[in-house]
>>> print(open('query-v2.tsv').read())   # TSV, C-alpha atoms
chain	number	residue	atom	x	y	z
A	24	MET	CA	-3.19	19.81	-15.73
A	25	THR	CA	-4.31	16.92	-17.98
A	26	SER	CA	-4.00	13.50	-16.40
A	27	PRO	CA	-1.46	11.26	-18.14
A	28	LEU	CA	-3.67	8.23	-17.50
A	29	ARG	CA	-5.43	6.51	-20.42
A	30	LEU	CA	-8.79	4.85	-19.69
A	31	CYS	CA	-10.84	2.52	-21.88
A	32	VAL	CA	-14.12	0.89	-20.75
A	33	ARG	CA	-16.11	-1.55	-22.87
A	34	ARG	CA	-18.73	-4.21	-22.32
A	35	THR	CA	-18.44	-7.62	-23.94
A	36	PRO	CA	-20.00	-9.36	-25.73
A	37	VAL	CA	-22.97	-6.93	-25.65
A	38	SER	CA	-24.38	-4.57	-23.09
A	39	ALA	CA	-26.45	-6.17	-20.30
A	40	ALA	CA	-26.47	-9.65	-21.92
A	41	PRO	CA	-26.32	-12.56	-19.47
A	42	GLY	CA	-22.73	-13.54	-18.87
A	43	SER	CA	-21.37	-10.28	-20.19
A	44	ALA	CA	-18.35	-8.73	-18.58
A	45	THR	CA	-17.18	-5.15	-18.40
A	46	LEU	CA	-13.57	-4.68	-19.40
A	47	VAL	CA	-11.71	-1.71	-18.01
A	48	THR	CA	-8.22	-0.84	-19.15
A	49	VAL	CA	-6.09	1.89	-17.62
A	50	ARG	CA	-2.58	2.76	-18.81
A	51	LEU	CA	-0.30	4.89	-16.71
A	52	PRO	CA	3.27	6.14	-17.08
A	53	SER	CA	5.79	4.79	-14.57
A	54	ASP	CA	5.57	7.72	-12.19
A	55	VAL	CA	4.86	7.06	-8.50
A	56	ASN	CA	2.70	10.17	-8.46
A	57	CYS	CA	0.27	8.51	-10.89
A	58	ILE	CA	-0.28	5.38	-8.80
A	59	GLU	CA	-2.96	6.77	-6.50
A	60	GLU	CA	-5.04	8.17	-9.32
A	61	ALA	CA	-4.83	4.86	-11.19
A	62	VAL	CA	-5.82	2.89	-8.07
A	63	GLU	CA	-8.79	5.19	-7.43
A	64	LEU	CA	-9.91	5.02	-11.06
A	65	VAL	CA	-9.72	1.24	-11.36
A	66	THR	CA	-11.30	0.73	-7.92
A	67	ARG	CA	-14.22	3.00	-8.83
A	68	HIS	CA	-14.94	1.04	-12.00
A	69	CYS	CA	-14.54	-2.33	-10.26
A	70	LEU	CA	-17.14	-1.39	-7.63
A	71	ALA	CA	-19.64	0.43	-9.86
A	72	GLY	CA	-22.96	-1.37	-10.28
A	73	HIS	CA	-22.03	-4.41	-8.19
A	74	THR	CA	-22.46	-5.27	-4.52
A	75	THR	CA	-19.04	-5.76	-2.99
A	76	THR	CA	-18.41	-6.20	0.73
A	77	LYS	CA	-16.38	-3.57	2.61
A	78	THR	CA	-13.70	-6.14	3.31
A	79	ILE	CA	-13.31	-6.96	-0.38
A	80	GLN	CA	-13.30	-3.25	-1.24
A	81	PHE	CA	-10.35	-2.73	1.11
A	82	ARG	CA	-8.56	-5.83	-0.21
A	83	LEU	CA	-9.04	-4.66	-3.79
A	84	ARG	CA	-7.55	-1.30	-2.95
A	85	VAL	CA	-4.56	-2.90	-1.24
A	86	VAL	CA	-3.73	-5.39	-3.99
A	87	LEU	CA	-4.20	-2.85	-6.79
A	88	SER	CA	-1.91	-0.43	-5.02
A	89	GLU	CA	0.73	-3.10	-4.40
A	90	ALA	CA	0.64	-4.57	-7.92
A	91	ILE	CA	0.76	-1.16	-9.62
A	92	SER	CA	3.54	0.06	-7.31
A	93	ASN	CA	5.59	-3.07	-8.05
A	94	ALA	CA	5.10	-2.55	-11.78
A	95	VAL	CA	6.01	1.16	-11.68
A	96	VAL	CA	8.94	0.97	-9.26
A	97	ARG	CA	10.46	-2.49	-9.71
A	98	GLY	CA	9.21	-3.59	-13.14
A	99	ASN	CA	9.73	-0.35	-15.05
A	100	GLY	CA	12.26	1.23	-12.68
A	101	GLU	CA	10.23	4.48	-12.58
A	102	ASP	CA	11.17	5.09	-16.24
A	103	ARG	CA	8.39	7.48	-17.31
A	104	ALA	CA	8.81	6.42	-20.92
A	105	LYS	CA	7.55	2.97	-19.94
A	106	TRP	CA	3.90	2.21	-19.31
A	107	VAL	CA	1.96	0.03	-16.92
A	108	GLU	CA	-1.29	-1.50	-18.15
A	109	VAL	CA	-4.08	-2.45	-15.74
A	110	CYS	CA	-6.90	-4.59	-17.17
A	111	ALA	CA	-9.96	-5.42	-15.07
A	112	GLU	CA	-12.56	-7.97	-16.12
A	113	LEU	CA	-15.71	-7.36	-14.11
A	114	VAL	CA	-18.59	-9.76	-13.60
A	115	PRO	CA	-21.21	-9.78	-10.82
A	116	GLU	CA	-19.43	-12.51	-8.84
A	117	SER	CA	-15.83	-11.50	-9.13
A	118	ILE	CA	-13.14	-9.06	-10.17
A	119	ARG	CA	-10.13	-10.19	-12.18
A	120	VAL	CA	-7.33	-7.67	-12.59
A	121	SER	CA	-4.05	-8.01	-14.40
A	122	VAL	CA	-1.17	-5.55	-14.10
A	123	THR	CA	1.57	-5.65	-16.71
A	124	ASP	CA	4.81	-3.68	-16.98
A	125	GLU	CA	7.48	-3.39	-19.64
A	126	GLY	CA	10.28	-4.74	-17.46
A	127	PRO	CA	12.23	-7.98	-17.87
A	128	GLY	CA	10.04	-9.79	-15.34
A	129	PHE	CA	10.98	-11.49	-12.08
A	130	ASP	CA	10.73	-14.88	-10.42
A	131	PRO	CA	7.93	-14.62	-7.84
A	132	GLY	CA	9.21	-17.81	-6.19
A	133	ALA	CA	12.50	-16.08	-5.37
A	134	ILE	CA	10.95	-13.46	-3.08
A	135	PRO	CA	11.77	-14.32	0.54
A	136	GLU	CA	8.97	-14.92	3.03
A	137	PRO	CA	8.62	-11.58	4.87
A	138	LEU	CA	7.41	-13.18	8.11
A	139	ARG	CA	10.70	-14.93	8.83
A	140	PRO	CA	12.29	-13.37	11.92
A	141	GLU	CA	15.35	-12.30	9.91
A	142	GLN	CA	13.10	-10.60	7.32
A	143	LEU	CA	10.77	-8.84	9.73
A	144	ASP	CA	13.17	-5.92	10.16
A	145	GLU	CA	13.57	-5.46	6.38
A	146	ALA	CA	12.01	-2.41	4.74
A	147	ASN	CA	10.99	-4.21	1.52
A	148	GLY	CA	9.35	-7.42	0.39
A	149	ARG	CA	5.80	-7.25	1.78
A	150	GLY	CA	3.83	-6.23	-1.31
A	151	LEU	CA	3.64	-9.60	-3.05
A	152	TYR	CA	3.00	-11.34	0.27
A	153	LEU	CA	0.01	-9.06	0.93
A	154	ILE	CA	-1.36	-9.74	-2.55
A	155	ARG	CA	-1.11	-13.50	-2.04
A	156	LYS	CA	-2.85	-13.26	1.33
A	157	LEU	CA	-5.69	-11.02	0.18
A	158	VAL	CA	-6.85	-12.41	-3.18
A	159	ASP	CA	-8.59	-15.68	-4.04
A	160	ALA	CA	-6.19	-16.52	-6.88
A	161	VAL	CA	-2.96	-15.07	-8.24
A	162	GLN	CA	-1.07	-16.00	-11.40
A	163	PHE	CA	1.99	-14.71	-13.20
A	164	ASN	CA	2.86	-14.96	-16.87
A	165	GLU	CA	5.97	-16.90	-17.85
A	166	ARG	CA	8.12	-13.80	-18.26
A	167	GLY	CA	7.14	-12.56	-14.82
A	168	ASN	CA	6.12	-9.05	-15.90
A	169	SER	CA	2.37	-9.57	-15.53
A	170	ILE	CA	0.34	-10.53	-12.47
A	171	CYS	CA	-3.32	-11.58	-12.60
A	172	MET	CA	-5.39	-11.42	-9.40
A	173	THR	CA	-8.93	-12.66	-8.81
A	174	LEU	CA	-11.20	-11.58	-5.96
A	175	ARG	CA	-14.69	-12.89	-5.30
A	176	ARG	CA	-17.01	-10.03	-4.38
A	177	ARG	CA	-18.43	-11.78	-1.27
B	27	MET	CA	-2.69	14.94	2.52
B	28	GLY	CA	0.61	15.12	4.34
B	29	PHE	CA	2.37	15.13	7.65
B	30	SER	CA	2.19	17.51	10.55
B	31	GLN	CA	4.24	17.44	13.71
B	32	ASN	CA	4.07	18.98	17.12
B	33	LYS	CA	5.62	18.48	20.50
B	34	ASP	CA	3.60	17.05	23.34
B	35	PRO	CA	3.99	18.83	26.75
B	36	ARG	CA	5.93	15.75	27.90
B	37	GLY	CA	8.45	16.32	25.10
B	38	VAL	CA	7.28	13.61	22.72
B	39	THR	CA	7.38	14.48	19.02
B	40	VAL	CA	3.97	13.62	17.56
B	41	VAL	CA	3.74	13.13	13.78
B	42	GLU	CA	0.23	12.97	12.32
B	43	VAL	CA	-0.29	11.25	8.97
B	44	ASP	CA	-3.14	12.93	7.15
B	45	GLY	CA	-4.48	10.80	4.27
B	46	GLN	CA	-2.09	8.09	3.23
B	47	LEU	CA	1.40	6.76	3.82
B	48	ILE	CA	2.39	5.31	0.45
B	49	VAL	CA	5.19	4.91	-2.05
B	50	GLY	CA	4.71	8.50	-3.23
B	51	ASN	CA	5.26	10.19	0.16
B	52	ARG	CA	7.20	7.72	2.30
B	53	HIS	CA	10.48	9.60	1.88
B	54	GLU	CA	8.86	12.71	3.31
B	55	LEU	CA	8.15	10.86	6.56
B	56	LYS	CA	11.64	9.38	6.67
B	57	ASP	CA	13.20	12.83	6.16
B	58	LEU	CA	10.95	14.36	8.80
B	59	VAL	CA	12.00	11.74	11.36
B	60	GLN	CA	15.67	12.06	10.42
B	61	THR	CA	15.48	15.82	10.99
B	62	ALA	CA	13.80	15.25	14.37
B	63	LEU	CA	16.58	12.83	15.38
B	64	GLU	CA	19.23	15.36	14.31
B	65	ARG	CA	17.47	17.94	16.51
B	66	GLY	CA	17.94	15.55	19.41
B	67	GLU	CA	14.40	14.22	19.64
B	68	ARG	CA	14.34	10.64	20.89
B	69	ARG	CA	10.70	9.90	21.68
B	70	LEU	CA	8.43	9.84	18.63
B	71	LEU	CA	4.80	8.95	18.13
B	72	VAL	CA	3.32	8.48	14.64
B	73	ASP	CA	-0.46	8.86	14.80
B	74	PHE	CA	-2.71	7.38	12.10
B	75	SER	CA	-6.07	8.62	13.41
B	76	ARG	CA	-6.60	10.54	10.15
B	77	THR	CA	-5.02	7.96	7.84
B	78	GLY	CA	-7.05	6.00	5.31
B	79	TYR	CA	-4.36	3.83	3.83
B	80	ILE	CA	-0.80	2.57	4.28
B	81	ASP	CA	0.83	0.53	1.51
B	82	SER	CA	3.74	-1.89	1.86
B	83	SER	CA	6.19	0.90	1.05
B	84	GLY	CA	4.69	2.88	3.91
B	85	LEU	CA	5.03	-0.14	6.19
B	86	GLY	CA	8.64	-0.44	5.04
B	87	ALA	CA	9.25	3.24	5.80
B	88	LEU	CA	7.98	2.67	9.35
B	89	VAL	CA	10.36	-0.28	9.73
B	90	SER	CA	13.23	1.94	8.53
B	91	ILE	CA	12.48	4.83	10.86
B	92	SER	CA	11.97	2.42	13.75
B	93	LYS	CA	15.50	1.09	13.17
B	94	ARG	CA	16.97	4.58	12.97
B	95	ILE	CA	15.24	5.68	16.15
B	96	ARG	CA	16.32	2.52	17.99
B	97	GLU	CA	19.93	2.95	16.84
B	98	ALA	CA	19.83	6.52	18.16
B	99	GLY	CA	18.69	5.20	21.55
B	100	GLY	CA	15.13	6.42	21.10
B	101	GLU	CA	11.66	4.93	21.00
B	102	LEU	CA	8.90	4.93	18.39
B	103	ARG	CA	5.24	4.30	19.09
B	104	LEU	CA	2.25	4.15	16.74
B	105	SER	CA	-1.40	4.98	17.39
B	106	GLY	CA	-4.82	5.43	15.83
B	107	LEU	CA	-4.84	2.56	13.31
B	108	ASN	CA	-8.32	1.71	12.04
B	109	ASP	CA	-9.37	-1.95	11.80
B	110	ASP	CA	-8.35	-2.29	8.14
B	111	LEU	CA	-4.90	-0.82	8.72
B	112	ARG	CA	-4.39	-2.87	11.86
B	113	SER	CA	-5.17	-5.98	9.81
B	114	LEU	CA	-2.23	-5.14	7.53
B	115	PHE	CA	0.09	-4.94	10.53
B	116	GLU	CA	-1.24	-8.26	11.79
B	117	LEU	CA	-0.92	-9.98	8.40
B	118	THR	CA	2.70	-8.89	8.12
B	119	LYS	CA	3.39	-9.53	11.81
B	120	LEU	CA	4.54	-5.94	12.16
B	121	ASP	CA	2.20	-5.68	15.13
B	122	THR	CA	4.93	-7.65	16.94
B	123	LEU	CA	7.61	-5.14	15.94
B	124	PHE	CA	5.86	-1.91	16.95
B	125	ALA	CA	4.31	-0.58	20.12
B	126	ILE	CA	0.78	0.20	18.90
B	127	ALA	CA	-1.79	2.08	21.00
B	128	GLU	CA	-5.47	2.57	20.26
B	129	THR	CA	-5.29	6.35	20.63
B	130	PRO	CA	-2.52	8.96	20.76
B	131	GLU	CA	-3.57	9.77	24.33
B	132	GLN	CA	-2.98	6.16	25.37
B	133	ALA	CA	0.37	6.10	23.59
B	134	LEU	CA	1.46	9.31	25.30
B	135	SER	CA	0.17	8.50	28.78
B	136	ASN	CA	3.25	6.53	29.84
B	137	PHE	CA	5.76	7.55	27.17
>>> encode(input="query-v2.tsv", output="C-alpha cells")
Amino acid sequence: MTSPLRLCVRRTPVSAAPGSATLVTVRLPSDVNCIEEAVELVTRHCLAGHTTTKTIQFRLRVVLSEAISNAVVRGNGEDRAKWVEVCAELVPESIRVSVTDEGPGFDPGAIPEPLRPEQLDEANGRGLYLIRKLVDAVQFNERGNSICMTLRRR
Amino acid sequence: MGFSQNKDPRGVTVVEVDGQLIVGNRHELKDLVQTALERGERRLLVDFSRTGYIDSSGLGALVSISKRIREAGGELRLSGLNDDLRSLFELTKLDTLFAIAETPEQALSNF
C-alpha cells in the first residue's frame, strides 16, 4: 500500500555552504495510524549526518510524537480530509520543528498543570507538559494551531 | 507490535506490551483489561520489558485502567520500564501513582 505521507527535503541556501540548513517537510493526513510513520520519518531526517546525544534522540521522539498526536487528534479531530504539516529546520547545533494543523487553535495557557494532585488521576493533559519539559524552547503562533519546538543537539 | 497475555501460576494476569503503547493502540489495551475484569481477574501486571516507547496517550490509558481495576477492588502493577520510559513516569509524577517493579519476576514475587 502506498504511504499517504508527503515528504520534501531541501537544503538552503546551497548544499554544504557554511550556515546552511536542511529543511524537511512532511505532510500527513489526520489518521492516528499515520503518526508513527511520520515520527519515524522526521526523526530519521533530523538525526542524519549530525551527532545527537541519545538523550536528545529520545526527547526528539517524544516531543514529535506528542505534537503530531495533538495536531491529528485535538487540532484536526481525526478528520482525514485535514492535513498536519511538520517542518524541521536542521543545523549542526540544533533541531527546530514546527507542527501545524488545520484546526481553530487552542490557548496553551489554559491547559491545567498535570502534576496537581487533582489532575494526576486524569487520563489526558500530559502531552504539552512533556513537550515543555523536554525541549529548550517552545512557541505557539497567535491562532494556536502551530507549535514550534527547538532542541539543542548536545 | 501488540499485546499478549497469560496467567501466572499464582493467578496474576500478565499483559506484555510488545513495541509501543501509543495513541494508535491504547484502546486495545483498555479493552483487553476490561475483558479481564469482566472474567473476574483482579490482579494484573503490565510488563514493558519489550516496549520501546509509551506516549502520553499510553500513559493516560494506564491511568484509566488503573482506576477501573481499583474500582473493581483489584490491583495493577507495572514492570520492565527502561530508563527512558521510567523518566517519563518520573516527569509526570506517575511513578507515585503506580506500583513499578524492575522486573516482572519482582512484581510477581509478592503479588
>>> closest_atom_pairs(input="query-v2.tsv", of="chain A", to="chain B", cutoff="10 Å", atoms="all atoms listed in the file", output="CSV")
residue,atom,partner,partner_atom,distance
A:Asp54,CA,B:Gly50,CA,9.0
A:Val55,CA,B:Gly50,CA,5.5
A:Asn56,CA,B:Gly50,CA,5.8
A:Cys57,CA,B:Gly50,CA,8.9
A:Ile58,CA,B:Gly50,CA,8.1
A:Glu59,CA,B:Gly50,CA,8.5
A:Lys77,CA,B:Asp110,CA,9.8
A:Thr78,CA,B:Asp110,CA,8.2
A:Phe81,CA,B:Asp110,CA,7.3
A:Arg82,CA,B:Asp110,CA,9.1
A:Arg84,CA,B:Tyr79,CA,9.1
A:Val85,CA,B:Asp81,CA,7.0
A:Val86,CA,B:Asp81,CA,9.3
A:Ser88,CA,B:Asp81,CA,7.1
A:Glu89,CA,B:Asp81,CA,6.9
A:Ser92,CA,B:Val49,CA,7.3
A:Asn93,CA,B:Ser83,CA,9.9
A:Val96,CA,B:Val49,CA,9.0
A:Pro137,CA,B:Thr118,CA,7.3
A:Leu138,CA,B:Thr118,CA,6.4
A:Arg139,CA,B:Lys119,CA,9.6
A:Pro140,CA,B:Lys119,CA,9.7
A:Leu143,CA,B:Leu120,CA,7.3
A:Asp144,CA,B:Val89,CA,6.3
A:Glu145,CA,B:Val89,CA,7.0
A:Ala146,CA,B:Gly86,CA,3.9
A:Asn147,CA,B:Gly86,CA,5.7
A:Gly148,CA,B:Ser82,CA,8.0
A:Arg149,CA,B:Ser82,CA,5.7
A:Gly150,CA,B:Ser82,CA,5.4
A:Leu151,CA,B:Ser82,CA,9.1
A:Tyr152,CA,B:Thr118,CA,8.2
A:Leu153,CA,B:Leu117,CA,7.6
A:Lys156,CA,B:Leu117,CA,8.0
A:Leu157,CA,B:Leu117,CA,9.6
>>> closest_residue(input="query-v2.tsv", among="A:Asn168, A:Thr48, A:Gln162, A:Ser43", to="Glu116 (chain A)", atoms="only C-alpha atoms")
A:Ser43
>>> atom_distance(input="query-v2.tsv", atom1="CA of His68 (chain A)", atom2="CA of Arg155 (chain A)")
22.4 Å
>>> residues_around(input="query-v2.tsv", residues="region 64-71 of chain B", least_positions_apart="5", cutoff="12 Å", atoms="only C-alpha atoms", output="VMD selection string")
chain B and resid 30 to 34 36 to 43 57 to 59 88 91 to 92 94 to 106 124 to 127 129 to 137
>>> residues_around(input="query-v2.tsv", residues="Leu46 (chain A)", least_positions_apart="2", cutoff="12 Å", atoms="only C-alpha atoms", output="list in words")
Leu30, Cys31, Val32, Arg33, Arg34, Thr35, Pro36, Val37, Ser38, Ser43, Ala44, Thr48, Val49, Val65, His68, Cys69, Val109, Cys110, Ala111, Glu112, Leu113, Val114, Ile118, Arg119, Val120 and Ser121 of chain A
>>> residues_near_point(input="query-v2.tsv", point="(9.0, -3.3, -15.4)", cutoff="12 Å", atoms="all atoms listed in the file", output="PyMOL selection string")
chain A and resi 52-54+90-108+122-129+166-170
>>> atom_distance(input="query-v2.tsv", atom1="CA of Ser75 (chain B)", atom2="CA of Phe29 (chain B)")
12.1 Å
>>> axis_aligned_box(input="query-v2.tsv", around="region 35-42 of chain B", padding_each_side="5 Å", output="lines of an AutoDock Vina configuration file")
center_x = 4.3
center_y = 15.9
center_z = 20.1
size_x = 18.2
size_y = 15.9
size_z = 25.6
>>> build_atoms(input="query-v2.tsv", residues="region 166-177 of chain A", atoms="all heavy atoms", output="mmCIF file, in the coordinates of the input")
data_model
loop_
_atom_site.group_PDB
_atom_site.id
_atom_site.type_symbol
_atom_site.label_atom_id
_atom_site.label_comp_id
_atom_site.auth_asym_id
_atom_site.auth_seq_id
_atom_site.Cartn_x
_atom_site.Cartn_y
_atom_site.Cartn_z
ATOM 1 N N ARG A 166 7.023 -14.783 -18.340
ATOM 2 C CA ARG A 166 8.120 -13.800 -18.260
ATOM 3 C C ARG A 166 8.231 -13.177 -16.873
ATOM 4 O O ARG A 166 9.301 -12.741 -16.462
ATOM 5 C CB ARG A 166 7.856 -12.716 -19.330
ATOM 6 C CG ARG A 166 8.866 -11.593 -19.361
ATOM 7 C CD ARG A 166 8.654 -10.735 -20.590
ATOM 8 N NE ARG A 166 8.967 -9.348 -20.350
ATOM 9 C CZ ARG A 166 8.758 -8.368 -21.213
ATOM 10 N NH1 ARG A 166 8.211 -8.645 -22.380
ATOM 11 N NH2 ARG A 166 9.059 -7.123 -20.912
ATOM 12 N N GLY A 167 7.118 -13.130 -16.168
ATOM 13 C CA GLY A 167 7.140 -12.560 -14.820
ATOM 14 C C GLY A 167 6.932 -11.051 -14.796
ATOM 15 O O GLY A 167 7.252 -10.387 -13.806
ATOM 16 N N ASN A 168 6.384 -10.505 -15.880
ATOM 17 C CA ASN A 168 6.120 -9.050 -15.900
ATOM 18 C C ASN A 168 4.623 -8.747 -15.864
ATOM 19 O O ASN A 168 4.217 -7.609 -16.090
ATOM 20 C CB ASN A 168 6.745 -8.407 -17.140
ATOM 21 C CG ASN A 168 6.048 -8.821 -18.421
ATOM 22 O OD1 ASN A 168 5.542 -9.944 -18.528
ATOM 23 N ND2 ASN A 168 6.017 -7.935 -19.394
ATOM 24 N N SER A 169 3.821 -9.777 -15.587
ATOM 25 C CA SER A 169 2.370 -9.570 -15.530
ATOM 26 C C SER A 169 1.786 -10.437 -14.426
ATOM 27 O O SER A 169 2.064 -11.636 -14.347
ATOM 28 C CB SER A 169 1.736 -9.922 -16.879
ATOM 29 O OG SER A 169 0.348 -9.653 -16.846
ATOM 30 N N ILE A 170 0.987 -9.808 -13.567
ATOM 31 C CA ILE A 170 0.340 -10.530 -12.470
ATOM 32 C C ILE A 170 -1.173 -10.451 -12.694
ATOM 33 O O ILE A 170 -1.694 -9.401 -13.120
ATOM 34 C CB ILE A 170 0.729 -9.926 -11.102
ATOM 35 C CG1 ILE A 170 0.097 -10.732 -9.950
ATOM 36 C CG2 ILE A 170 0.361 -8.454 -10.987
ATOM 37 C CD1 ILE A 170 0.609 -10.325 -8.583
ATOM 38 N N CYS A 171 -1.864 -11.560 -12.458
ATOM 39 C CA CYS A 171 -3.320 -11.580 -12.600
ATOM 40 C C CYS A 171 -3.927 -12.007 -11.258
ATOM 41 O O CYS A 171 -3.573 -13.055 -10.715
ATOM 42 C CB CYS A 171 -3.721 -12.553 -13.710
ATOM 43 S SG CYS A 171 -5.509 -12.591 -13.969
ATOM 44 N N MET A 172 -4.828 -11.188 -10.744
ATOM 45 C CA MET A 172 -5.390 -11.420 -9.400
ATOM 46 C C MET A 172 -6.913 -11.522 -9.501
ATOM 47 O O MET A 172 -7.552 -10.741 -10.203
ATOM 48 C CB MET A 172 -5.042 -10.234 -8.493
ATOM 49 C CG MET A 172 -3.561 -9.884 -8.482
ATOM 50 S SD MET A 172 -3.186 -8.358 -7.603
ATOM 51 C CE MET A 172 -3.852 -7.109 -8.693
ATOM 52 N N THR A 173 -7.484 -12.484 -8.809
ATOM 53 C CA THR A 173 -8.930 -12.660 -8.810
ATOM 54 C C THR A 173 -9.474 -12.541 -7.393
ATOM 55 O O THR A 173 -8.943 -13.145 -6.460
ATOM 56 C CB THR A 173 -9.319 -14.044 -9.377
ATOM 57 O OG1 THR A 173 -8.741 -14.179 -10.675
ATOM 58 C CG2 THR A 173 -10.833 -14.193 -9.478
ATOM 59 N N LEU A 174 -10.516 -11.725 -7.246
ATOM 60 C CA LEU A 174 -11.200 -11.580 -5.960
ATOM 61 C C LEU A 174 -12.689 -11.862 -6.160
ATOM 62 O O LEU A 174 -13.307 -11.292 -7.062
ATOM 63 C CB LEU A 174 -11.087 -10.152 -5.411
ATOM 64 C CG LEU A 174 -9.747 -9.644 -4.946
ATOM 65 C CD1 LEU A 174 -9.084 -8.841 -6.047
ATOM 66 C CD2 LEU A 174 -9.941 -8.765 -3.714
ATOM 67 N N ARG A 175 -13.238 -12.738 -5.318
ATOM 68 C CA ARG A 175 -14.690 -12.890 -5.300
ATOM 69 C C ARG A 175 -15.275 -11.712 -4.534
ATOM 70 O O ARG A 175 -14.683 -11.242 -3.559
ATOM 71 C CB ARG A 175 -15.072 -14.214 -4.626
ATOM 72 C CG ARG A 175 -14.775 -15.426 -5.511
ATOM 73 C CD ARG A 175 -15.459 -16.654 -4.959
ATOM 74 N NE ARG A 175 -14.871 -17.057 -3.697
ATOM 75 C CZ ARG A 175 -13.855 -17.920 -3.588
ATOM 76 N NH1 ARG A 175 -13.337 -18.479 -4.659
ATOM 77 N NH2 ARG A 175 -13.375 -18.240 -2.411
ATOM 78 N N ARG A 176 -16.463 -11.245 -4.983
ATOM 79 C CA ARG A 176 -17.010 -10.030 -4.380
ATOM 80 C C ARG A 176 -17.575 -10.242 -2.981
ATOM 81 O O ARG A 176 -17.800 -9.305 -2.247
ATOM 82 C CB ARG A 176 -18.107 -9.452 -5.283
ATOM 83 C CG ARG A 176 -17.564 -8.875 -6.588
ATOM 84 C CD ARG A 176 -18.673 -8.193 -7.366
ATOM 85 N NE ARG A 176 -18.232 -7.795 -8.683
ATOM 86 C CZ ARG A 176 -17.656 -6.625 -8.973
ATOM 87 N NH1 ARG A 176 -17.457 -5.746 -8.016
ATOM 88 N NH2 ARG A 176 -17.296 -6.343 -10.211
ATOM 89 N N ARG A 177 -17.859 -11.509 -2.602
ATOM 90 C CA ARG A 177 -18.430 -11.780 -1.270
ATOM 91 C C ARG A 177 -17.651 -12.887 -0.587
ATOM 92 O O ARG A 177 -17.073 -13.717 -1.238
ATOM 93 C CB ARG A 177 -19.883 -12.232 -1.399
ATOM 94 C CG ARG A 177 -20.799 -11.133 -1.850
ATOM 95 C CD ARG A 177 -22.120 -11.699 -2.326
ATOM 96 N NE ARG A 177 -22.934 -10.666 -2.918
ATOM 97 C CZ ARG A 177 -23.797 -9.910 -2.243
ATOM 98 N NH1 ARG A 177 -23.938 -10.098 -0.955
ATOM 99 N NH2 ARG A 177 -24.499 -8.994 -2.843
#
